[in-house]
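> You'll find my_file22.txt just under this line, and it carries compact mmCIF, N, CA and C atoms and all ligand atoms.
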# COMPACT_ATOMS: atom_id res chain seq x y z
N MET A 5 23.76 70.88 21.71
CA MET A 5 22.91 70.01 20.88
C MET A 5 21.45 70.15 21.34
N SER A 6 20.53 70.21 20.38
CA SER A 6 19.13 70.29 20.80
C SER A 6 18.26 69.46 19.85
N ASP A 7 17.09 69.17 20.33
CA ASP A 7 16.12 68.45 19.50
C ASP A 7 15.31 69.46 18.70
N ILE A 8 14.47 68.92 17.85
CA ILE A 8 13.61 69.76 17.01
C ILE A 8 12.16 69.31 17.19
N VAL A 9 11.29 70.29 17.36
CA VAL A 9 9.85 70.06 17.21
C VAL A 9 9.48 70.74 15.90
N PHE A 10 8.71 70.06 15.07
CA PHE A 10 8.39 70.69 13.78
C PHE A 10 6.88 70.75 13.53
N ILE A 11 6.53 71.69 12.69
CA ILE A 11 5.15 71.84 12.21
C ILE A 11 5.26 71.99 10.70
N ARG A 12 4.57 71.14 10.00
CA ARG A 12 4.70 71.13 8.54
C ARG A 12 3.38 71.49 7.87
N GLU A 13 3.46 72.35 6.89
CA GLU A 13 2.30 72.73 6.06
C GLU A 13 1.12 73.24 6.87
N LEU A 14 1.41 74.16 7.76
CA LEU A 14 0.36 74.85 8.50
C LEU A 14 -0.25 75.90 7.56
N ARG A 15 -1.55 75.79 7.32
CA ARG A 15 -2.21 76.65 6.32
C ARG A 15 -3.10 77.67 7.00
N ALA A 16 -3.02 78.91 6.51
CA ALA A 16 -3.88 79.97 7.06
C ALA A 16 -4.35 80.86 5.91
N ASP A 17 -5.59 81.30 6.01
CA ASP A 17 -6.15 82.23 5.02
C ASP A 17 -6.12 83.64 5.60
N THR A 18 -5.62 84.57 4.79
CA THR A 18 -5.40 85.92 5.31
C THR A 18 -5.34 86.95 4.18
N ILE A 19 -5.42 88.21 4.57
CA ILE A 19 -5.14 89.30 3.63
C ILE A 19 -3.63 89.46 3.56
N ILE A 20 -3.06 89.28 2.37
CA ILE A 20 -1.61 89.41 2.22
C ILE A 20 -1.28 89.85 0.79
N GLY A 21 -0.48 90.88 0.65
CA GLY A 21 -0.07 91.27 -0.70
C GLY A 21 0.01 92.78 -0.87
N VAL A 22 0.73 93.14 -1.93
CA VAL A 22 1.00 94.56 -2.18
C VAL A 22 0.04 95.18 -3.20
N TYR A 23 -0.61 94.35 -3.99
CA TYR A 23 -1.45 94.90 -5.06
C TYR A 23 -2.87 95.16 -4.57
N ASP A 24 -3.56 96.11 -5.23
CA ASP A 24 -4.91 96.50 -4.80
C ASP A 24 -5.84 95.31 -4.66
N TRP A 25 -5.83 94.41 -5.66
CA TRP A 25 -6.78 93.28 -5.63
C TRP A 25 -6.52 92.36 -4.45
N GLU A 26 -5.30 92.40 -3.95
CA GLU A 26 -4.95 91.50 -2.84
C GLU A 26 -5.45 92.00 -1.48
N ARG A 27 -5.91 93.26 -1.46
CA ARG A 27 -6.35 93.81 -0.18
C ARG A 27 -7.79 93.44 0.15
N SER A 28 -8.48 92.80 -0.81
CA SER A 28 -9.90 92.48 -0.56
C SER A 28 -10.23 91.00 -0.72
N VAL A 29 -9.22 90.16 -0.92
CA VAL A 29 -9.46 88.70 -0.96
C VAL A 29 -8.50 88.02 0.01
N ARG A 30 -8.97 86.93 0.58
CA ARG A 30 -8.09 86.18 1.46
C ARG A 30 -7.33 85.15 0.62
N GLN A 31 -6.04 85.04 0.88
CA GLN A 31 -5.20 84.07 0.19
C GLN A 31 -4.59 83.13 1.22
N THR A 32 -4.18 81.97 0.73
CA THR A 32 -3.61 80.98 1.64
C THR A 32 -2.10 81.13 1.71
N VAL A 33 -1.58 81.10 2.92
CA VAL A 33 -0.14 80.99 3.12
C VAL A 33 0.12 79.66 3.84
N VAL A 34 1.30 79.10 3.60
CA VAL A 34 1.65 77.79 4.16
C VAL A 34 2.98 77.92 4.89
N LEU A 35 3.00 77.43 6.13
CA LEU A 35 4.21 77.57 6.94
C LEU A 35 4.79 76.21 7.32
N ASP A 36 6.12 76.14 7.27
CA ASP A 36 6.86 75.02 7.86
C ASP A 36 7.75 75.60 8.93
N LEU A 37 7.72 74.99 10.12
CA LEU A 37 8.57 75.49 11.21
C LEU A 37 9.42 74.36 11.77
N GLU A 38 10.68 74.69 12.06
CA GLU A 38 11.55 73.80 12.83
C GLU A 38 11.95 74.58 14.06
N LEU A 39 11.75 74.00 15.23
CA LEU A 39 11.90 74.72 16.49
C LEU A 39 12.83 73.96 17.41
N ALA A 40 13.87 74.62 17.87
CA ALA A 40 14.80 73.97 18.79
C ALA A 40 14.14 73.82 20.16
N TRP A 41 14.25 72.63 20.70
CA TRP A 41 13.66 72.37 22.03
C TRP A 41 14.33 71.14 22.60
N ASP A 42 14.59 71.15 23.88
CA ASP A 42 15.12 69.95 24.54
C ASP A 42 13.94 69.06 24.93
N ASN A 43 13.77 67.96 24.23
CA ASN A 43 12.62 67.09 24.45
C ASN A 43 12.81 66.13 25.62
N ARG A 44 14.02 66.07 26.18
CA ARG A 44 14.28 65.05 27.21
C ARG A 44 13.43 65.22 28.47
N PRO A 45 13.27 66.44 29.00
CA PRO A 45 12.43 66.56 30.21
C PRO A 45 10.99 66.07 29.99
N ALA A 46 10.41 66.43 28.84
CA ALA A 46 9.04 65.97 28.56
C ALA A 46 8.99 64.45 28.42
N ALA A 47 10.00 63.90 27.76
CA ALA A 47 10.04 62.44 27.57
C ALA A 47 10.22 61.71 28.90
N ALA A 48 11.09 62.25 29.75
CA ALA A 48 11.37 61.59 31.03
C ALA A 48 10.13 61.58 31.93
N ALA A 49 9.39 62.71 31.88
CA ALA A 49 8.21 62.82 32.75
C ALA A 49 6.94 62.36 32.06
N ASP A 50 7.03 62.17 30.76
CA ASP A 50 5.85 61.87 29.93
C ASP A 50 4.74 62.89 30.22
N ASP A 51 5.13 64.17 30.16
CA ASP A 51 4.23 65.23 30.62
C ASP A 51 4.29 66.42 29.65
N LEU A 52 3.13 66.81 29.14
CA LEU A 52 3.05 67.90 28.17
C LEU A 52 3.57 69.23 28.71
N GLN A 53 3.51 69.40 30.01
CA GLN A 53 3.93 70.72 30.55
C GLN A 53 5.40 71.01 30.28
N TYR A 54 6.20 69.98 29.99
CA TYR A 54 7.62 70.19 29.70
C TYR A 54 7.91 70.19 28.19
N ALA A 55 6.89 69.93 27.42
CA ALA A 55 7.07 69.84 25.97
C ALA A 55 6.78 71.18 25.31
N LEU A 56 7.29 71.36 24.11
CA LEU A 56 6.86 72.49 23.28
C LEU A 56 5.56 72.03 22.61
N ASP A 57 4.47 72.61 23.04
CA ASP A 57 3.14 72.14 22.62
C ASP A 57 2.85 72.61 21.19
N TYR A 58 3.01 71.70 20.22
CA TYR A 58 2.82 72.11 18.82
C TYR A 58 1.37 72.49 18.52
N ALA A 59 0.43 71.96 19.30
CA ALA A 59 -0.98 72.32 19.08
C ALA A 59 -1.24 73.76 19.53
N ALA A 60 -0.72 74.11 20.72
CA ALA A 60 -0.90 75.48 21.21
C ALA A 60 -0.17 76.48 20.31
N LEU A 61 1.01 76.09 19.88
CA LEU A 61 1.80 76.94 18.99
C LEU A 61 1.07 77.16 17.66
N SER A 62 0.55 76.10 17.10
CA SER A 62 -0.18 76.20 15.82
C SER A 62 -1.40 77.11 15.97
N ALA A 63 -2.13 76.93 17.06
CA ALA A 63 -3.34 77.74 17.28
C ALA A 63 -2.99 79.22 17.40
N ARG A 64 -1.90 79.51 18.08
CA ARG A 64 -1.48 80.92 18.27
C ARG A 64 -1.07 81.53 16.93
N ILE A 65 -0.32 80.78 16.15
CA ILE A 65 0.14 81.28 14.85
C ILE A 65 -1.06 81.50 13.91
N LEU A 66 -1.97 80.53 13.89
CA LEU A 66 -3.15 80.66 13.01
C LEU A 66 -3.98 81.88 13.39
N ALA A 67 -4.20 82.08 14.70
CA ALA A 67 -5.00 83.23 15.14
C ALA A 67 -4.32 84.54 14.74
N PHE A 68 -3.00 84.57 14.89
CA PHE A 68 -2.27 85.79 14.53
C PHE A 68 -2.36 86.06 13.02
N ILE A 69 -2.07 85.07 12.22
CA ILE A 69 -2.05 85.27 10.77
C ILE A 69 -3.45 85.58 10.24
N GLU A 70 -4.44 84.86 10.73
CA GLU A 70 -5.79 85.06 10.22
C GLU A 70 -6.34 86.45 10.58
N GLY A 71 -5.79 87.07 11.61
CA GLY A 71 -6.21 88.42 12.00
C GLY A 71 -5.32 89.52 11.45
N SER A 72 -4.34 89.14 10.64
CA SER A 72 -3.39 90.13 10.13
C SER A 72 -3.74 90.57 8.70
N ALA A 73 -3.04 91.61 8.23
CA ALA A 73 -3.28 92.10 6.86
C ALA A 73 -1.98 92.73 6.34
N PHE A 74 -0.91 91.93 6.29
CA PHE A 74 0.39 92.45 5.87
C PHE A 74 0.45 92.61 4.36
N GLN A 75 1.39 93.44 3.94
CA GLN A 75 1.67 93.57 2.51
C GLN A 75 2.69 92.51 2.10
N LEU A 76 3.74 92.37 2.90
CA LEU A 76 4.86 91.48 2.53
C LEU A 76 4.88 90.21 3.37
N ILE A 77 5.24 89.11 2.74
CA ILE A 77 5.41 87.88 3.50
C ILE A 77 6.63 87.98 4.43
N GLU A 78 7.59 88.84 4.08
CA GLU A 78 8.75 89.04 4.96
C GLU A 78 8.30 89.54 6.34
N THR A 79 7.37 90.51 6.33
CA THR A 79 6.88 91.09 7.59
C THR A 79 6.14 90.03 8.41
N MET A 80 5.30 89.26 7.72
CA MET A 80 4.56 88.21 8.41
C MET A 80 5.53 87.20 9.04
N ALA A 81 6.52 86.77 8.27
CA ALA A 81 7.47 85.77 8.77
C ALA A 81 8.20 86.29 10.01
N GLU A 82 8.63 87.55 9.93
CA GLU A 82 9.38 88.14 11.05
C GLU A 82 8.52 88.20 12.31
N GLN A 83 7.28 88.58 12.15
CA GLN A 83 6.43 88.73 13.33
C GLN A 83 6.01 87.38 13.91
N VAL A 84 5.81 86.40 13.06
CA VAL A 84 5.52 85.05 13.57
C VAL A 84 6.73 84.53 14.34
N ALA A 85 7.93 84.74 13.81
CA ALA A 85 9.14 84.29 14.50
C ALA A 85 9.25 84.95 15.87
N GLU A 86 8.96 86.24 15.93
CA GLU A 86 9.02 86.98 17.19
C GLU A 86 8.04 86.40 18.22
N ILE A 87 6.84 86.12 17.80
CA ILE A 87 5.83 85.55 18.71
C ILE A 87 6.29 84.20 19.24
N VAL A 88 6.77 83.35 18.34
CA VAL A 88 7.18 82.00 18.74
C VAL A 88 8.32 82.06 19.75
N MET A 89 9.28 82.94 19.49
CA MET A 89 10.46 82.99 20.37
C MET A 89 10.13 83.63 21.72
N THR A 90 9.33 84.67 21.72
CA THR A 90 9.08 85.36 22.99
C THR A 90 7.99 84.67 23.81
N GLU A 91 6.93 84.24 23.18
CA GLU A 91 5.81 83.68 23.96
C GLU A 91 6.02 82.22 24.32
N PHE A 92 6.83 81.51 23.53
CA PHE A 92 7.01 80.07 23.77
C PHE A 92 8.44 79.72 24.18
N SER A 93 9.26 80.76 24.38
CA SER A 93 10.65 80.56 24.84
C SER A 93 11.46 79.63 23.93
N VAL A 94 11.23 79.76 22.65
CA VAL A 94 11.99 78.96 21.68
C VAL A 94 13.29 79.71 21.36
N PRO A 95 14.45 79.08 21.56
CA PRO A 95 15.71 79.80 21.38
C PRO A 95 16.17 79.95 19.92
N TRP A 96 15.68 79.03 19.06
CA TRP A 96 16.10 79.05 17.65
C TRP A 96 14.97 78.48 16.81
N LEU A 97 14.80 79.07 15.64
CA LEU A 97 13.80 78.49 14.73
C LEU A 97 14.19 78.73 13.27
N GLN A 98 13.68 77.86 12.45
CA GLN A 98 13.71 78.07 11.00
C GLN A 98 12.26 78.08 10.54
N LEU A 99 11.93 79.09 9.76
CA LEU A 99 10.53 79.26 9.35
C LEU A 99 10.49 79.45 7.82
N ARG A 100 9.74 78.60 7.15
CA ARG A 100 9.51 78.77 5.71
C ARG A 100 8.07 79.22 5.54
N LEU A 101 7.90 80.33 4.83
CA LEU A 101 6.55 80.85 4.60
C LEU A 101 6.32 80.91 3.10
N CYS A 102 5.37 80.14 2.63
CA CYS A 102 5.11 80.03 1.19
C CYS A 102 3.78 80.71 0.84
N LYS A 103 3.77 81.29 -0.36
CA LYS A 103 2.53 81.90 -0.87
C LYS A 103 2.24 81.23 -2.21
N PRO A 104 1.62 80.05 -2.15
CA PRO A 104 1.40 79.27 -3.38
C PRO A 104 0.52 80.04 -4.37
N GLY A 105 0.89 79.97 -5.65
CA GLY A 105 0.08 80.63 -6.67
C GLY A 105 0.44 82.08 -6.91
N ALA A 106 1.34 82.64 -6.12
CA ALA A 106 1.70 84.06 -6.28
C ALA A 106 2.41 84.30 -7.60
N VAL A 107 3.18 83.32 -8.04
CA VAL A 107 3.81 83.39 -9.36
C VAL A 107 3.29 82.18 -10.15
N GLN A 108 2.53 82.49 -11.18
CA GLN A 108 1.79 81.45 -11.90
C GLN A 108 2.70 80.33 -12.41
N GLN A 109 3.90 80.72 -12.84
CA GLN A 109 4.80 79.73 -13.45
C GLN A 109 5.61 78.96 -12.42
N ALA A 110 5.46 79.31 -11.15
CA ALA A 110 6.23 78.63 -10.10
C ALA A 110 5.30 77.79 -9.23
N ARG A 111 5.78 76.66 -8.78
CA ARG A 111 4.96 75.83 -7.89
C ARG A 111 4.73 76.55 -6.57
N ASP A 112 5.73 77.28 -6.16
CA ASP A 112 5.68 77.93 -4.86
C ASP A 112 6.69 79.07 -4.81
N VAL A 113 6.40 80.09 -4.04
CA VAL A 113 7.40 81.12 -3.74
C VAL A 113 7.28 81.44 -2.25
N GLY A 114 8.31 82.02 -1.69
CA GLY A 114 8.23 82.36 -0.28
C GLY A 114 9.56 82.80 0.28
N VAL A 115 9.61 82.80 1.61
CA VAL A 115 10.84 83.17 2.30
C VAL A 115 11.21 82.09 3.31
N LEU A 116 12.49 82.03 3.58
CA LEU A 116 13.00 81.09 4.58
C LEU A 116 13.88 81.89 5.52
N ILE A 117 13.52 81.92 6.82
CA ILE A 117 14.33 82.69 7.77
C ILE A 117 14.75 81.77 8.92
N GLU A 118 15.85 82.16 9.51
CA GLU A 118 16.37 81.45 10.68
C GLU A 118 16.66 82.53 11.71
N ARG A 119 16.17 82.34 12.93
CA ARG A 119 16.36 83.36 13.97
C ARG A 119 16.80 82.69 15.28
N GLY A 120 17.57 83.43 16.06
CA GLY A 120 18.00 82.95 17.36
C GLY A 120 19.29 82.16 17.29
N GLU A 121 19.65 81.60 18.44
CA GLU A 121 20.88 80.80 18.57
C GLU A 121 20.49 79.36 18.78
N ARG A 122 21.10 78.50 17.98
CA ARG A 122 20.80 77.08 18.16
C ARG A 122 21.59 76.53 19.34
N PRO A 123 20.90 75.99 20.36
CA PRO A 123 21.63 75.54 21.55
C PRO A 123 22.58 74.38 21.23
N1 LIG B 201 9.92 89.31 -1.67
C1 LIG B 201 8.61 89.53 -1.94
N2 LIG B 201 8.24 89.74 -3.20
C2 LIG B 201 6.94 89.96 -3.48
C3 LIG B 201 5.97 89.95 -2.46
C4 LIG B 201 6.40 89.71 -1.13
O1 LIG B 201 5.61 89.68 -0.16
N3 LIG B 201 7.73 89.51 -0.91
N4 LIG B 201 4.65 90.13 -2.79
C5 LIG B 201 4.26 90.33 -4.03
C6 LIG B 201 2.83 90.38 -4.36
O2 LIG B 201 1.99 90.60 -3.26
C7 LIG B 201 2.53 89.06 -5.09
O3 LIG B 201 2.52 87.99 -4.14
C8 LIG B 201 1.26 89.04 -5.87
O4 LIG B 201 1.24 87.88 -6.68
C9 LIG B 201 5.20 90.43 -5.15
N5 LIG B 201 6.56 90.19 -4.76
Take the structure I supplied and represent it as structure tokens, if you would.
Ligand SMILES: Nc1nc2c(c(=O)[nH]1)N=C([C@H](O)[C@@H](O)CO)CN2

Amino acid sequence: MSDIVFIRELRADTIIGVYDWERSVRQTVVLDLELAWDNRPAAAADDLQYALDYAALSARILAFIEGSAFQLIETMAEQVAEIVMTEFSVPWLQLRLCKPGAVQQARDVGVLIERGERP
């Protein structure tokens, strides 16, 4: 059994897309993350050093996405998941990556991935 730390509607502007026009304008992507973490040590000590720091995590993800230029949101999602799991020792995550406005008739489109083992 594990707890969850979440980040909702994290927005980043980046180069993303397969079409020519998409290679020269920045578009917004929106991420929701659910991250498995045992919150009890941080709660018992009331100490950030034992917590999964959502501020540090958000800053790292934003810096990565804003410096990237992927064609597919699948690639971006996979690489963000890899960073979160390896650099922050997160054993399991669910990541939703939305590209609002990509399909005019849809409110939102995107991908939802789950990686790792849930403790
Ligand atoms: N599964 C995907 N389908 C599409 C993607 C994508 O990244 N993954 N991208 C595009 C275009 O870039 C689109 O967003 C332009 O509106 C089309 N389909």
> Which of these, A:Phe10, A:Arg100, A:Phe92, A:Leu61, has the shortest distance to Val34 in chain A once you count all atoms listed in the file?
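Among the listed residues, the smallest separation from Val34 in chain A belongs to A:Arg100.
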> Between atom N of Lys103 in chain A and CA of Ile69 in chain A, what is the distance in Å, rounded to a tenth?
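Computed distance, atom N of Lys103 in chain A to CA of Ile69 in chain A, equals 13.2 Å.
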> Give one line per residue of chain A that approaches ligand LIG 201 (chain B) to at most 6 Å, naming the two atoms of the closest pair and their distance in Å to one decimal, counting only C-alpha atoms and all ligand atoms; sort by chain then ascending residue number and deliver it as a Markdown table.

| residue | atom | partner | partner_atom | distance |
| --- | --- | --- | --- | --- |
| A:Gly21 | CA | B:LIG201 | O2 | 3.4 |
| A:Val22 | CA | B:LIG201 | O2 | 4.2 |
| A:Tyr23 | CA | B:LIG201 | O2 | 5.8 |
| A:Leu76 | CA | B:LIG201 | O1 | 3.3 |
| A:Ile77 | CA | B:LIG201 | O1 | 4.1 |
| A:Glu78 | CA | B:LIG201 | N3 | 6.0 |
| A:Ala106 | CA | B:LIG201 | O4 | 3.9 |
| A:Val107 | CA | B:LIG201 | O4 | 5.8 |
> May I have all residues of range 23-121 of chain A that DSSP, computed from the backbone, assigns to helix (DSSP H, G or I), given as a count of residues only?
41
> Counting only C-alpha atoms, which residue out of A:Ile87, A:Glu70, A:Leu37, A:Ala55 sits closest to Leu116 in chain A?
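Using only C-alpha atoms, the shortest distance to Leu116 in chain A belongs to A:Leu37.
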